[in-house]
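So the structure is just underneath, and the comments pick up after that.
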Amino acid sequence: MGEPPRTTVDPPQTLLGALRHLGPGIVLASSIVGSGELIATTTTGAQAGFVLLWLILIGCVIKVAAQVEIGRATLSWGRTPLDAFDRVPGPRFAGRGWIYWAWVVMTLLVLVQQGGILSGVAQTLAAGVPVTAAGREWNRVHDEAASDRILAAAARHHGDTAKADSLDLRMAELASQKKDLVKPFDDTFWAVVTGIVTAVLLGLGRYKLIELVSIVLVGTFTLVTLVALGLLQCDPAWAISAAEFGSGFAFRLPEERKDFSPILTALATFGIIGVGASELMVYPYWCLEKGYGVAVGPRDDSEAWAIRARGWLRVMQLDAWASMAVYTAVTVAFYLLGAATLGRLGLVPEGSEMVRTLGAMYAPVFGAWANGAFLIGAFAVLYSTLFVAAAGNARMVVDGLILAGLLPGDAAARTTWNRRLSIAWPLVAMVLALAIRAPLAMVLASGAAQAVMLAALGVAVLWFRWRALDPRLRPGRAWDILLVTSSAGFIIIGLWTLWQQLVKLLAMLA
């Protein structure tokens, strides 16, 4: 077949060499370790306690096989991920396949989720850096009320009813003060600033900038979270007991509540923790931008191509497993924090008090420093999700528009529109944040859509493996077992989530 194109690169032969080429998984972890963990996972822990730890672990680990298989299909055939999904057999409408249209619906809700995340960033900045006198007074009253609410719940948790009753009286006084306050526009100001600054950064940045920002923010978030969980275990009043931890592996479901459904929250959380459906589809784009596709080169029948492809696929697998280790550790830490603090205190994050309620997780550990420590961690994780997901989803939307024939498909046009959509994405999210102002509901709506989408992806990866895989890249039997298990889990969770959502809708209409 002659010499390979000069752009191809031989894969690294050592572990150290492979480690130098990691990166897409860290970018992916940056978009994963965010709203799913900080908002959805902790809310699940607050509502369900420790009993769903098994579901959280499965939600993280089960998706890696599908992540790798999607990357394998993309790199080995030189196709973009959405193009690969669009070739899966099934019903077609207006020239596009069923997975394409399912992706369109999911992406619209992912954009809503991004609005919820941007709203969370704005709440965090408004709480930490108020820009008006009204904002500072609002923070003072609401911070005192939130602190008293946490202390009262903690007092009841420790059996000190006298202190709890005293704090209840003080909260009643603060509640009357709240009525006289004019809601400041600080969170609106920070929502606009966040949207514009993110659009500018994405308009100017390239892969390396995104990768660097991701590593810094994920590192900050991971450190704060793990330290908090470790210090929590040092306090006998808050430490997680062996019995509580063990209850998380009993494969039980929590009881339903009148005011909320822990099961529906958990299913929505399953869709966005670990590698969510959206991230599964976006991951190969980062692999292509990292250079894996160019290094492999165009597919041909030569043994040299097969050797390069197998080598770079091993690098991609290492990248995927490394990112899984990061986001699983952080996801479990956040779930345990939420169950150990919010769950025991009976606090559920919601509405405009979402950020302040989430900060209660840190109060038993950091005391007076809790609010500041939490705001730093919250900003790091939420903003990293906003930043990286905007860049990744913009690339996929451009690909979708190209497949629909609405944009030219040459490299120059793709680069131009990637940048334009990267700029537009956070600006649209900003508008949604200002219009809806319900961050928890916005995040969980996307989670439900992504959980349903997992069923479609489960079907797709089975087709990739047994109908579209180059025989020279065939994996071993153990991998096939893992892939089938992963796909079966996707299909079961996706259909179960769809059924639960339909039951909920019918109950609302009855």
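Identifiers for the structure tokens are assigned positionally: chains receive A, B, ... in sequence, residues are indexed from 1 per chain, and ligands are indexed from 1 in the order shown.
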For the interface of range 184-292 of chain A with range 448-463 of chain A (cut-off 7 Å, counting only C-alpha atoms), please tabulate each contacting residue of range 184-292 of chain A alongside its nearest pair of atoms and their separation in Å to one decimal, rows sorted by chain and increasing number, as JSON lines.
```
{"residue": "A:Leu267", "atom": "CA", "partner": "A:Ala448", "partner_atom": "CA", "distance": 6.7}
{"residue": "A:Ala268", "atom": "CA", "partner": "A:Ala448", "partner_atom": "CA", "distance": 4.2}
{"residue": "A:Phe270", "atom": "CA", "partner": "A:Ala451", "partner_atom": "CA", "distance": 6.5}
{"residue": "A:Gly271", "atom": "CA", "partner": "A:Ala451", "partner_atom": "CA", "distance": 3.9}
{"residue": "A:Ile272", "atom": "CA", "partner": "A:Gln450", "partner_atom": "CA", "distance": 6.7}
{"residue": "A:Gly276", "atom": "CA", "partner": "A:Gln450", "partner_atom": "CA", "distance": 6.6}
{"residue": "A:Ala277", "atom": "CA", "partner": "A:Gln450", "partner_atom": "CA", "distance": 5.2}
{"residue": "A:Ser278", "atom": "CA", "partner": "A:Gln450", "partner_atom": "CA", "distance": 6.8}
```
- Query: Could you pull the residues within 10 Å of Ala391 in chain A, counting only C-alpha atoms, minus those fewer than 5 positions along the same chain, as an MDAnalysis selection string?
  - Reply: chainID A and resid 31 198:199 202:203 205:207 210 282 286 385:386 396 418:419 421:423 425:426
- Shell around range 303-314 of chain A at 7 Å using only C-alpha atoms, local window under 5 positions removed, as a ChimeraX atom specification: /A:10-11,72,76,292,296,472-473
Which residues come within 9 Å of Asp319 in chain A, counting only C-alpha atoms, excluding same-chain residues fewer than 6 positions away, as an mmCIF file with N, CA and C atoms, in the first residue's frame?
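Result saved to around.cif:
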```cif
data_model
loop_
_atom_site.group_PDB
_atom_site.id
_atom_site.type_symbol
_atom_site.label_atom_id
_atom_site.label_comp_id
_atom_site.auth_asym_id
_atom_site.auth_seq_id
_atom_site.Cartn_x
_atom_site.Cartn_y
_atom_site.Cartn_z
ATOM 1 N N ALA A 18 2.198 6.702 26.648
ATOM 2 C CA ALA A 18 0.752 6.801 26.489
ATOM 3 C C ALA A 18 0.169 7.887 27.390
ATOM 4 N N LEU A 19 0.705 7.992 28.614
ATOM 5 C CA LEU A 19 0.203 8.997 29.549
ATOM 6 C C LEU A 19 0.375 10.411 29.000
ATOM 7 N N HIS A 21 -0.134 11.349 26.118
ATOM 8 C CA HIS A 21 -1.148 11.627 25.099
ATOM 9 C C HIS A 21 -2.564 11.616 25.661
ATOM 10 N N LEU A 22 -2.706 11.523 26.981
ATOM 11 C CA LEU A 22 -4.037 11.601 27.567
ATOM 12 C C LEU A 22 -4.531 13.038 27.538
ATOM 13 N N GLY A 23 -5.823 13.231 27.641
ATOM 14 C CA GLY A 23 -6.378 14.587 27.621
ATOM 15 C C GLY A 23 -7.860 14.644 27.354
ATOM 16 N N PRO A 24 -8.373 13.969 26.308
ATOM 17 C CA PRO A 24 -9.817 14.040 26.042
ATOM 18 C C PRO A 24 -10.667 13.608 27.236
ATOM 19 N N GLY A 25 -10.211 12.594 27.969
ATOM 20 C CA GLY A 25 -10.975 12.127 29.120
ATOM 21 C C GLY A 25 -11.035 13.159 30.232
ATOM 22 N N ILE A 26 -9.948 13.941 30.405
ATOM 23 C CA ILE A 26 -9.958 14.996 31.421
ATOM 24 C C ILE A 26 -10.919 16.098 31.013
#
```
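CA of Ala65 in chain A is found 28.5 Å from CA of Pro254 in chain A.
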- From a DSSP pass on the backbone, collect the residues of range 245-280 of chain A flagged as alpha helix (DSSP H) and hand them back as a ChimeraX atom specification. /A:245-247,262-272,277-280
- Distance in Å - CA of Met316 in chain A versus CA of Ala404 in chain A: 29.1 Å
- Item | Contact residues around Glu244 in chain A with only C-alpha atoms at 9 Å, ignoring same-chain residues under 6 positions, as a ChimeraX atom specification | /A:49-51
Using N, CA and C atoms, can you export the residues from the last selection as a compact mmCIF listing (two decimals), in the first residue's frame?
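New file result.txt:
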```
# COMPACT_ATOMS: atom_id res chain seq x y z
N GLY A 49 -30.97 9.28 51.05
CA GLY A 49 -30.01 8.78 52.02
C GLY A 49 -28.95 7.93 51.34
N PHE A 50 -28.46 6.91 52.04
CA PHE A 50 -27.34 6.11 51.53
C PHE A 50 -27.77 4.95 50.62
N VAL A 51 -29.07 4.67 50.52
CA VAL A 51 -29.52 3.40 49.94
C VAL A 51 -29.29 3.29 48.43
```
